[in-house]
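Coordinates from data-v2.cif are shown below (mmCIF, C-alpha atoms and all ligand atoms).
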data_structure
loop_
_atom_site.group_PDB
_atom_site.id
_atom_site.type_symbol
_atom_site.label_atom_id
_atom_site.label_comp_id
_atom_site.auth_asym_id
_atom_site.auth_seq_id
_atom_site.Cartn_x
_atom_site.Cartn_y
_atom_site.Cartn_z
ATOM 1 C CA MET A 1 72.417 69.642 102.865
ATOM 2 C CA ALA A 2 71.084 73.059 101.870
ATOM 3 C CA ASP A 3 70.941 74.049 98.224
ATOM 4 C CA LYS A 4 73.522 76.517 97.080
ATOM 5 C CA LEU A 5 72.615 80.080 97.968
ATOM 6 C CA ILE A 6 70.801 82.117 95.338
ATOM 7 C CA ILE A 7 71.464 85.812 95.769
ATOM 8 C CA THR A 8 69.009 88.242 94.191
ATOM 9 C CA ALA A 9 69.919 91.875 93.733
ATOM 10 C CA ALA A 10 66.972 94.292 93.772
ATOM 11 C CA ILE A 11 68.891 97.123 92.204
ATOM 12 C CA THR A 12 66.427 99.978 91.640
ATOM 13 C CA GLY A 13 62.859 99.576 92.927
ATOM 14 C CA ALA A 14 60.073 102.026 92.252
ATOM 15 C CA GLU A 15 59.998 104.212 95.321
ATOM 16 C CA LEU A 16 63.452 105.781 95.486
ATOM 17 C CA SER A 17 65.092 108.626 93.596
ATOM 18 C CA LYS A 18 68.660 109.546 92.845
ATOM 19 C CA GLU A 19 68.177 112.738 94.855
ATOM 20 C CA LYS A 20 67.710 110.625 97.956
ATOM 21 C CA VAL A 21 70.066 107.804 97.007
ATOM 22 C CA PRO A 22 72.887 108.935 94.715
ATOM 23 C CA ALA A 23 74.047 105.348 94.101
ATOM 24 C CA LEU A 24 70.625 104.282 92.750
ATOM 25 C CA PRO A 25 70.876 103.039 89.150
ATOM 26 C CA VAL A 26 68.088 104.691 87.160
ATOM 27 C CA THR A 27 69.363 104.931 83.580
ATOM 28 C CA VAL A 28 69.675 101.861 81.391
ATOM 29 C CA ALA A 29 73.461 102.212 81.403
ATOM 30 C CA GLU A 30 73.561 102.507 85.192
ATOM 31 C CA GLN A 31 71.310 99.479 85.591
ATOM 32 C CA ALA A 32 73.494 97.425 83.255
ATOM 33 C CA GLN A 33 76.618 98.441 85.170
ATOM 34 C CA ALA A 34 74.963 97.684 88.525
ATOM 35 C CA ALA A 35 73.896 94.260 87.249
ATOM 36 C CA LEU A 36 77.423 93.524 86.021
ATOM 37 C CA GLU A 37 78.876 94.432 89.415
ATOM 38 C CA CYS A 38 76.278 92.414 91.325
ATOM 39 C CA VAL A 39 76.717 89.329 89.150
ATOM 40 C CA GLY A 40 80.500 89.701 89.471
ATOM 41 C CA ALA A 41 80.047 89.786 93.245
ATOM 42 C CA GLY A 42 77.892 86.628 93.323
ATOM 43 C CA ALA A 43 74.281 87.548 92.518
ATOM 44 C CA SER A 44 72.475 85.310 90.039
ATOM 45 C CA VAL A 45 69.080 87.047 89.838
ATOM 46 C CA ILE A 46 68.393 90.694 89.084
ATOM 47 C CA HIS A 47 64.983 91.853 90.329
ATOM 48 C CA LEU A 48 64.209 94.565 87.817
ATOM 49 C CA HIS A 49 62.116 97.714 87.965
ATOM 50 C CA VAL A 50 62.624 100.161 85.130
ATOM 51 C CA ARG A 51 62.332 103.901 84.722
ATOM 52 C CA ASP A 52 61.166 106.181 81.901
ATOM 53 C CA GLU A 53 63.113 109.027 80.281
ATOM 54 C CA LYS A 54 62.379 111.206 83.329
ATOM 55 C CA PHE A 55 63.521 108.403 85.660
ATOM 56 C CA GLN A 56 59.984 107.802 86.863
ATOM 57 C CA PRO A 57 58.848 104.179 87.470
ATOM 58 C CA SER A 58 57.531 102.562 84.298
ATOM 59 C CA GLN A 59 55.886 99.289 83.293
ATOM 60 C CA ASN A 60 56.317 100.107 79.611
ATOM 61 C CA LEU A 61 57.535 97.204 77.466
ATOM 62 C CA THR A 62 60.103 99.302 75.635
ATOM 63 C CA HIS A 63 61.698 100.389 78.897
ATOM 64 C CA PHE A 64 61.864 96.773 80.091
ATOM 65 C CA LYS A 65 63.283 95.630 76.766
ATOM 66 C CA ASN A 66 65.930 98.373 76.716
ATOM 67 C CA ALA A 67 67.071 97.609 80.256
ATOM 68 C CA THR A 68 67.078 93.858 79.646
ATOM 69 C CA ASP A 69 69.067 94.193 76.422
ATOM 70 C CA ALA A 70 71.590 96.477 78.125
ATOM 71 C CA ILE A 71 72.021 94.091 81.075
ATOM 72 C CA ARG A 72 72.444 91.128 78.725
ATOM 73 C CA THR A 73 75.039 92.981 76.657
ATOM 74 C CA GLN A 74 76.987 94.193 79.686
ATOM 75 C CA CYS A 75 76.832 90.749 81.350
ATOM 76 C CA LYS A 76 77.389 88.761 78.156
ATOM 77 C CA MET A 77 79.955 86.473 79.802
ATOM 78 C CA ASN A 78 77.469 85.507 82.507
ATOM 79 C CA PRO A 79 73.914 86.709 81.829
ATOM 80 C CA PRO A 80 71.882 86.712 85.045
ATOM 81 C CA ILE A 81 68.284 85.627 85.498
ATOM 82 C CA ILE A 82 66.291 88.799 84.976
ATOM 83 C CA GLN A 83 63.199 88.879 87.147
ATOM 84 C CA PHE A 84 60.716 91.542 86.006
ATOM 85 C CA SER A 85 58.726 93.334 88.667
ATOM 86 C CA THR A 86 54.987 93.003 88.182
ATOM 87 C CA GLY A 87 54.509 95.014 91.363
ATOM 88 C CA GLY A 88 55.602 98.244 89.734
ATOM 89 C CA ALA A 89 54.948 101.378 91.718
ATOM 90 C CA VAL A 90 52.118 101.680 94.213
ATOM 91 C CA GLY A 91 48.927 102.669 92.405
ATOM 92 C CA GLU A 92 49.894 101.223 89.012
ATOM 93 C CA LYS A 93 47.017 99.422 87.289
ATOM 94 C CA ILE A 94 47.262 95.640 87.152
ATOM 95 C CA GLU A 95 46.971 95.602 83.345
ATOM 96 C CA LYS A 96 50.115 97.723 83.056
ATOM 97 C CA ARG A 97 51.900 95.623 85.664
ATOM 98 C CA ILE A 98 51.174 92.435 83.723
ATOM 99 C CA ALA A 99 51.967 93.820 80.249
ATOM 100 C CA PRO A 100 55.783 93.331 80.295
ATOM 101 C CA LEU A 101 55.270 89.564 80.632
ATOM 102 C CA ASP A 102 54.692 89.550 76.861
ATOM 103 C CA LEU A 103 58.477 89.911 76.620
ATOM 104 C CA LYS A 104 58.771 86.432 78.156
ATOM 105 C CA PRO A 105 61.318 87.114 80.904
ATOM 106 C CA GLU A 106 62.707 84.070 82.705
ATOM 107 C CA MET A 107 61.096 85.136 85.977
ATOM 108 C CA ALA A 108 58.764 87.759 87.384
ATOM 109 C CA SER A 109 57.512 88.730 90.797
ATOM 110 C CA PHE A 110 54.018 87.632 91.851
ATOM 111 C CA ASN A 111 52.610 89.624 94.741
ATOM 112 C CA THR A 112 50.342 87.481 96.892
ATOM 113 C CA GLY A 113 48.152 89.997 98.692
ATOM 114 C CA THR A 114 47.207 93.564 99.517
ATOM 115 C CA ILE A 115 49.077 95.486 102.196
ATOM 116 C CA ASN A 116 49.463 98.922 103.612
ATOM 117 C CA PHE A 117 52.674 100.201 102.052
ATOM 118 C CA GLY A 118 53.822 103.107 104.170
ATOM 119 C CA GLU A 119 51.017 105.639 103.809
ATOM 120 C CA ASP A 120 49.749 103.969 100.607
ATOM 121 C CA ILE A 121 47.941 100.745 99.791
ATOM 122 C CA PHE A 122 49.587 98.186 97.530
ATOM 123 C CA VAL A 123 46.621 96.413 95.951
ATOM 124 C CA ASN A 124 46.722 92.771 94.866
ATOM 125 C CA THR A 125 43.209 91.329 94.705
ATOM 126 C CA PHE A 126 42.456 87.690 93.934
ATOM 127 C CA SER A 127 41.219 88.778 90.542
ATOM 128 C CA ASP A 128 44.563 90.563 89.932
ATOM 129 C CA MET A 129 46.432 87.452 91.009
ATOM 130 C CA ARG A 130 44.410 85.144 88.762
ATOM 131 C CA GLY A 131 45.079 87.405 85.779
ATOM 132 C CA LEU A 132 48.755 87.521 86.624
ATOM 133 C CA ALA A 133 48.975 83.741 86.954
ATOM 134 C CA LYS A 134 47.351 83.278 83.559
ATOM 135 C CA ALA A 135 49.752 85.695 81.855
ATOM 136 C CA MET A 136 52.743 84.031 83.495
ATOM 137 C CA GLN A 137 51.653 80.578 82.378
ATOM 138 C CA GLU A 138 50.951 81.741 78.825
ATOM 139 C CA ASN A 139 54.441 83.218 78.637
ATOM 140 C CA HIS A 140 56.225 80.397 80.528
ATOM 141 C CA VAL A 141 57.462 82.853 83.149
ATOM 142 C CA ILE A 142 58.506 81.359 86.499
ATOM 143 C CA PRO A 143 56.862 83.307 89.327
ATOM 144 C CA GLU A 144 58.511 84.366 92.516
ATOM 145 C CA PHE A 145 55.743 84.632 95.092
ATOM 146 C CA GLU A 146 56.253 87.785 97.160
ATOM 147 C CA VAL A 147 54.880 87.265 100.666
ATOM 148 C CA TYR A 148 54.645 90.319 102.918
ATOM 149 C CA ASP A 149 52.363 88.972 105.597
ATOM 150 C CA LEU A 150 51.280 85.668 107.098
ATOM 151 C CA GLY A 151 47.891 85.661 105.368
ATOM 152 C CA HIS A 152 49.618 85.848 102.012
ATOM 153 C CA LEU A 153 50.712 82.226 102.406
ATOM 154 C CA ASP A 154 47.024 81.352 102.831
ATOM 155 C CA ASN A 155 46.272 83.303 99.661
ATOM 156 C CA LEU A 156 48.948 81.308 97.865
ATOM 157 C CA ARG A 157 47.520 78.058 99.199
ATOM 158 C CA LYS A 158 44.076 79.082 97.942
ATOM 159 C CA LEU A 159 45.449 79.758 94.456
ATOM 160 C CA ILE A 160 47.262 76.407 94.504
ATOM 161 C CA ALA A 161 44.051 74.636 95.582
ATOM 162 C CA GLU A 162 42.141 76.351 92.780
ATOM 163 C CA GLY A 163 44.783 75.167 90.304
ATOM 164 C CA VAL A 164 45.470 78.795 89.389
ATOM 165 C CA VAL A 165 49.176 78.572 90.179
ATOM 166 C CA LYS A 166 51.349 75.535 89.690
ATOM 167 C CA ALA A 167 54.749 74.361 90.917
ATOM 168 C CA PRO A 168 57.526 75.310 91.186
ATOM 169 C CA TYR A 169 56.751 77.478 94.190
ATOM 170 C CA HIS A 170 59.556 79.873 94.987
ATOM 171 C CA VAL A 171 58.530 82.215 97.782
ATOM 172 C CA GLN A 172 60.266 85.470 98.663
ATOM 173 C CA PHE A 173 59.429 86.733 102.149
ATOM 174 C CA VAL A 174 59.581 90.520 101.971
ATOM 175 C CA LEU A 175 59.640 91.515 105.619
ATOM 176 C CA GLY A 176 59.736 94.898 107.261
ATOM 177 C CA VAL A 177 57.572 96.927 104.882
ATOM 178 C CA PRO A 178 55.903 99.576 107.066
ATOM 179 C CA GLY A 179 52.299 98.380 107.072
ATOM 180 C CA ALA A 180 53.031 94.655 106.777
ATOM 181 C CA LEU A 181 54.804 91.965 108.804
ATOM 182 C CA SER A 182 58.040 93.021 110.509
ATOM 183 C CA GLY A 183 61.340 91.243 109.954
ATOM 184 C CA ASP A 184 61.656 89.809 113.453
ATOM 185 C CA VAL A 185 63.276 86.391 113.330
ATOM 186 C CA GLU A 186 60.263 84.739 115.022
ATOM 187 C CA ASN A 187 58.121 85.836 112.071
ATOM 188 C CA LEU A 188 60.501 84.283 109.576
ATOM 189 C CA VAL A 189 60.604 81.026 111.516
ATOM 190 C CA TYR A 190 56.815 80.807 111.566
ATOM 191 C CA LEU A 191 56.475 81.698 107.874
ATOM 192 C CA ILE A 192 58.896 78.928 106.925
ATOM 193 C CA LYS A 193 56.772 76.440 108.877
ATOM 194 C CA ARG A 194 53.687 77.524 106.940
ATOM 195 C CA LEU A 195 55.197 77.202 103.442
ATOM 196 C CA PRO A 196 53.379 75.060 100.880
ATOM 197 C CA LYS A 197 54.936 71.627 100.391
ATOM 198 C CA ASP A 198 58.055 71.599 98.215
ATOM 199 C CA ALA A 199 58.377 75.378 98.170
ATOM 200 C CA SER A 200 61.795 76.982 98.167
ATOM 201 C CA TRP A 201 62.156 80.327 99.888
ATOM 202 C CA GLY A 202 64.246 83.440 100.147
ATOM 203 C CA VAL A 203 64.069 86.512 102.293
ATOM 204 C CA ALA A 204 64.284 90.202 101.511
ATOM 205 C CA GLY A 205 64.596 92.177 104.713
ATOM 206 C CA VAL A 206 63.548 95.791 104.339
ATOM 207 C CA GLY A 207 65.705 98.497 105.914
ATOM 208 C CA ARG A 208 67.406 97.435 109.128
ATOM 209 C CA TYR A 209 66.116 93.870 108.696
ATOM 210 C CA GLN A 210 68.163 93.229 105.555
ATOM 211 C CA LEU A 211 71.395 92.085 107.166
ATOM 212 C CA PRO A 212 70.055 89.972 110.077
ATOM 213 C CA LEU A 213 67.521 88.206 107.864
ATOM 214 C CA ALA A 214 70.184 87.505 105.247
ATOM 215 C CA ALA A 215 72.272 85.841 107.953
ATOM 216 C CA CYS A 216 69.238 83.799 109.050
ATOM 217 C CA ALA A 217 68.491 82.641 105.510
ATOM 218 C CA ILE A 218 72.074 81.602 104.898
ATOM 219 C CA THR A 219 72.035 79.402 107.997
ATOM 220 C CA MET A 220 68.451 78.129 107.575
ATOM 221 C CA GLY A 221 68.748 76.973 103.971
ATOM 222 C CA GLY A 222 66.869 79.854 102.355
ATOM 223 C CA HIS A 223 67.981 82.297 99.710
ATOM 224 C CA VAL A 224 68.726 85.989 100.036
ATOM 225 C CA ARG A 225 67.653 89.190 98.343
ATOM 226 C CA VAL A 226 69.532 92.406 98.985
ATOM 227 C CA GLY A 227 69.801 95.698 97.149
ATOM 228 C CA LEU A 228 68.953 99.354 97.287
ATOM 229 C CA GLU A 229 65.257 98.727 96.519
ATOM 230 C CA ASP A 230 64.899 97.243 99.996
ATOM 231 C CA ASN A 231 67.616 98.956 101.977
ATOM 232 C CA ILE A 232 69.768 101.979 101.197
ATOM 233 C CA PHE A 233 72.126 101.729 104.177
ATOM 234 C CA TYR A 234 75.295 99.705 104.622
ATOM 235 C CA SER A 235 75.249 100.360 108.348
ATOM 236 C CA LYS A 236 73.332 102.705 110.647
ATOM 237 C CA GLY A 237 73.344 106.136 109.012
ATOM 238 C CA VAL A 238 75.851 105.131 106.306
ATOM 239 C CA LEU A 239 74.471 104.911 102.771
ATOM 240 C CA ALA A 240 75.529 101.897 100.724
ATOM 241 C CA LYS A 241 78.004 102.850 98.004
ATOM 242 C CA SER A 242 76.402 100.474 95.512
ATOM 243 C CA ASN A 243 74.170 97.452 95.140
ATOM 244 C CA ALA A 244 77.279 95.321 94.721
ATOM 245 C CA GLU A 245 78.548 96.368 98.126
ATOM 246 C CA LEU A 246 75.438 94.772 99.664
ATOM 247 C CA VAL A 247 75.855 91.601 97.578
ATOM 248 C CA GLU A 248 79.536 91.328 98.497
ATOM 249 C CA ARG A 249 78.676 91.343 102.186
ATOM 250 C CA VAL A 250 76.226 88.454 101.752
ATOM 251 C CA VAL A 251 78.884 86.470 99.888
ATOM 252 C CA ARG A 252 81.360 87.074 102.718
ATOM 253 C CA LEU A 253 78.777 85.975 105.285
ATOM 254 C CA ALA A 254 77.962 82.846 103.292
ATOM 255 C CA ARG A 255 81.631 81.972 103.043
ATOM 256 C CA GLU A 256 82.110 82.394 106.793
ATOM 257 C CA LEU A 257 79.016 80.291 107.475
ATOM 258 C CA GLY A 258 80.035 77.542 105.071
ATOM 259 C CA ARG A 259 77.230 77.962 102.509
ATOM 260 C CA ASP A 260 78.231 77.828 98.851
ATOM 261 C CA VAL A 261 76.880 80.524 96.558
ATOM 262 C CA ALA A 262 75.038 79.365 93.424
ATOM 263 C CA THR A 263 76.359 80.293 90.012
ATOM 264 C CA VAL A 264 73.851 81.686 87.550
ATOM 265 C CA ALA A 265 73.613 78.283 85.850
ATOM 266 C CA GLU A 266 72.987 76.584 89.209
ATOM 267 C CA ALA A 267 70.339 79.166 90.100
ATOM 268 C CA ARG A 268 68.579 78.543 86.769
ATOM 269 C CA LYS A 269 68.439 74.855 87.594
ATOM 270 C CA LEU A 270 67.223 75.397 91.156
ATOM 271 C CA LEU A 271 64.522 77.833 90.110
ATOM 272 C CA GLY A 272 63.477 75.765 87.101
ATOM 273 C CA THR A 273 63.362 78.603 84.599
ATOM 274 C CA VAL A 274 61.913 77.710 81.222
ATOM 275 C CA ASN A 275 62.463 80.721 78.978
ATOM 276 C CA GLY A 276 66.082 80.897 77.832
ATOM 277 C CA GLU A 277 68.600 83.357 79.197
ATOM 278 C CA ASN A 278 68.266 85.414 76.016
ATOM 279 C CA SER A 279 64.496 85.284 75.866
ATOM 280 C CA CYS A 280 62.929 88.708 75.805
ATOM 281 C CA GLY A 281 60.761 90.076 73.078
HETATM 282 N N1 LIG B 1 57.089 98.796 94.518
HETATM 283 C C1 LIG B 1 56.300 98.035 95.441
HETATM 284 C C2 LIG B 1 54.976 98.694 95.639
HETATM 285 C C3 LIG B 1 57.493 93.821 93.147
HETATM 286 O O1 LIG B 1 58.496 94.272 92.608
HETATM 287 O O2 LIG B 1 56.837 92.908 92.689
HETATM 288 C C4 LIG B 1 56.072 96.655 94.991
HETATM 289 C C5 LIG B 1 57.224 95.877 94.569
HETATM 290 C C6 LIG B 1 56.967 94.435 94.402
HETATM 291 O O3 LIG B 1 58.343 96.342 94.386
HETATM 292 ZN ZN ZN B 2 60.279 95.173 93.467
#

Could you write out this structure as structure tokens?
Ligand code: KMH
Ligand code: ZN
Amino acid sequence: MADKLIITAAITGAELSKEKVPALPVTVAEQAQAALECVGAGASVIHLHVRDEKFQPSQNLTHFKNATDAIRTQCKMNPPIIQFSTGGAVGEKIEKRIAPLDLKPEMASFNTGTINFGEDIFVNTFSDMRGLAKAMQENHVIPEFEVYDLGHLDNLRKLIAEGVVKAPYHVQFVLGVPGALSGDVENLVYLIKRLPKDASWGVAGVGRYQLPLAACAITMGGHVRVGLEDNIFYSKGVLAKSNAELVERVVRLARELGRDVATVAEARKLLGTVNGENSCG
């Protein structure tokens, strides 16, 4: 039987602005409210990017701490797993991307290779990845391995073979980034076959891939990430009203398909987080 479904909400991202997406949470208060709504709807993990005072993407520790504290306070009845982004915005230096791990979040993203990212290049060299792995281990942060392309699973295997990264292996397939692997179902099926032994997996479909890949993951025993970071539309040409609206739809689908949704406590157990739910700074 499949594990209960872990739903991750990627609420903000680094590439979007409120001008383009009015529902995007960019202030600390908006992020806390979005997290509360998503957790209320059934999400157990918040994938977190933060913004500075001018709402620009930031990897500054104070901004991460402020957002984390606000989310914890707002969600005090049911504090979610907060997964820091170490991807940041395209072009951010790896040292800055790694720095927030000093706050000892429960989880953080771990990008497993370089890709074209639209017209830009999102750089993740082996040296970057080794440094990231070291910082995660020192701070007891559970990585989520972000896989954008087939070769990234080979990169992950290489790091496992080197002993650089250690179990648990939770892989997030991020499919449909322009410049990387598309979110066609055949690609997902093949990626799942190529997973390292004992890895769990989820899928984040970008843009139009978000909904069909969520449905696939629910039926195939994977987990699901949705949210405005990956997809701003509820349906063709219709902007999503909120992150929670996207989470609610996944919960409805899961119910229809007979897959139970994990509580936050169940997600913590499945993902094997080490740092406590209040750990940060
Ligand atoms: N903003 C993207 C370039 C992550 O959060 O780790 C990378 C990203 C991945 O969002
Ligand atoms: Zn991200």

Write out as a Markdown table the residues of chain A that have any atom within 8 Å of an atom of ligand LIG 1 (chain B), one row each with the nearest atom pair and its distance in Å to one decimal, counting only C-alpha atoms and all ligand atoms, sorted by chain and then rising number.
| residue | atom | partner | partner_atom | distance |
| --- | --- | --- | --- | --- |
| A:Gly13 | CA | B:LIG1 | O3 | 5.7 |
| A:Ala14 | CA | B:LIG1 | N1 | 4.9 |
| A:Glu15 | CA | B:LIG1 | N1 | 6.2 |
| A:His47 | CA | B:LIG1 | O1 | 7.3 |
| A:Leu48 | CA | B:LIG1 | O1 | 7.5 |
| A:His49 | CA | B:LIG1 | O1 | 6.8 |
| A:Phe84 | CA | B:LIG1 | O1 | 7.5 |
| A:Ser85 | CA | B:LIG1 | O1 | 4.1 |
| A:Thr86 | CA | B:LIG1 | O2 | 4.9 |
| A:Gly87 | CA | B:LIG1 | O2 | 3.4 |
| A:Gly88 | CA | B:LIG1 | N1 | 5.0 |
| A:Ala89 | CA | B:LIG1 | N1 | 4.4 |
| A:Val90 | CA | B:LIG1 | C2 | 4.4 |
| A:Gly91 | CA | B:LIG1 | C2 | 7.9 |
| A:Ala108 | CA | B:LIG1 | O2 | 7.6 |
| A:Ser109 | CA | B:LIG1 | O2 | 4.6 |
| A:Phe110 | CA | B:LIG1 | O2 | 6.0 |
| A:Asn111 | CA | B:LIG1 | O2 | 5.7 |
| A:Phe117 | CA | B:LIG1 | C2 | 7.0 |
| A:Phe122 | CA | B:LIG1 | C2 | 5.7 |
| A:Glu146 | CA | B:LIG1 | O2 | 6.8 |
| A:Glu229 | CA | B:LIG1 | O3 | 7.6 |

query = Using all atoms listed in the file, which of A:Ala67, A:Val206, A:Val21, A:Val250 sits nearest ligand ZN 2 (chain B)?
reply = A:Val206

task = On this file, the PyMOL selection byres (((chain A and resi 73) around 12) and not hetatm) gives some set of residues; write that set as a list in words.
result = Val28, Ala29, Gln31, Ala32, Gln33, Ala35, Leu36, Asn66, Ala67, Thr68, Asp69, Ala70, Ile71, Arg72, Gln74, Cys75, Lys76, Met77, Asn78, Pro79, Pro80, Glu277 and Asn278 of chain A

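Distances here use all atoms listed in the file; by that measure, the residue among A:Asn60, A:Gln172, A:Ser127, A:Thr27 closest to ligand ZN 2 (chain B) is A:Gln172.
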
key: Proximity to A:Ile232 - best of A:Gln56, A:Thr112, A:Thr12, A:Thr273, all atoms listed in the file   = A:Thr12

query = Using all atoms listed in the file, which of A:Val174, A:Leu132, A:Ala23, A:Leu239 sits nearest ligand ZN 2 (chain B)?
reply =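 Nearest candidate to ligand ZN 2 (chain B) out of A:Val174, A:Leu132, A:Ala23, A:Leu239: A:Val174.
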
remark   = Restricting to all atoms listed in the file, whichever of A:Val238, A:Ala215, A:Leu16, A:Leu195 is closest to A:Arg51 is A:Leu16

request  = For each of A:Glu144, A:Glu256, A:Asp154, A:Glu162, take the minimum atom-to-atom distance to ligand ZN 2 (chain B), counting all atoms listed in the file, then give the residue where this is smallest.
outcome  =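 Of A:Glu144, A:Glu256, A:Asp154, A:Glu162, the one nearest ligand ZN 2 (chain B), counting all atoms listed in the file, is A:Glu144.
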
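One finds atom CA of A:Ile142 at 18.6 Å from atom CA of A:Lys158.
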
message = Residue by residue, what does the PyMOL selection byres (((chain A and resi 82) around 6) and not hetatm) grab here? Present the result as a PyMOL selection string.
response = chain A and resi 45-46+80-81+83

Dump C-alpha atoms for the selected residues as a PDB file, keeping the file's coordinate frame?
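The file below, selection.pdb, is the result:
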ATOM      1  CA  VAL A  45      69.080  87.047  89.838  1.00  0.00           C
ATOM      2  CA  ILE A  46      68.393  90.694  89.084  1.00  0.00           C
ATOM      3  CA  PRO A  80      71.882  86.712  85.045  1.00  0.00           C
ATOM      4  CA  ILE A  81      68.284  85.627  85.498  1.00  0.00           C
ATOM      5  CA  GLN A  83      63.199  88.879  87.147  1.00  0.00           C
TER       6      GLN A  83
END
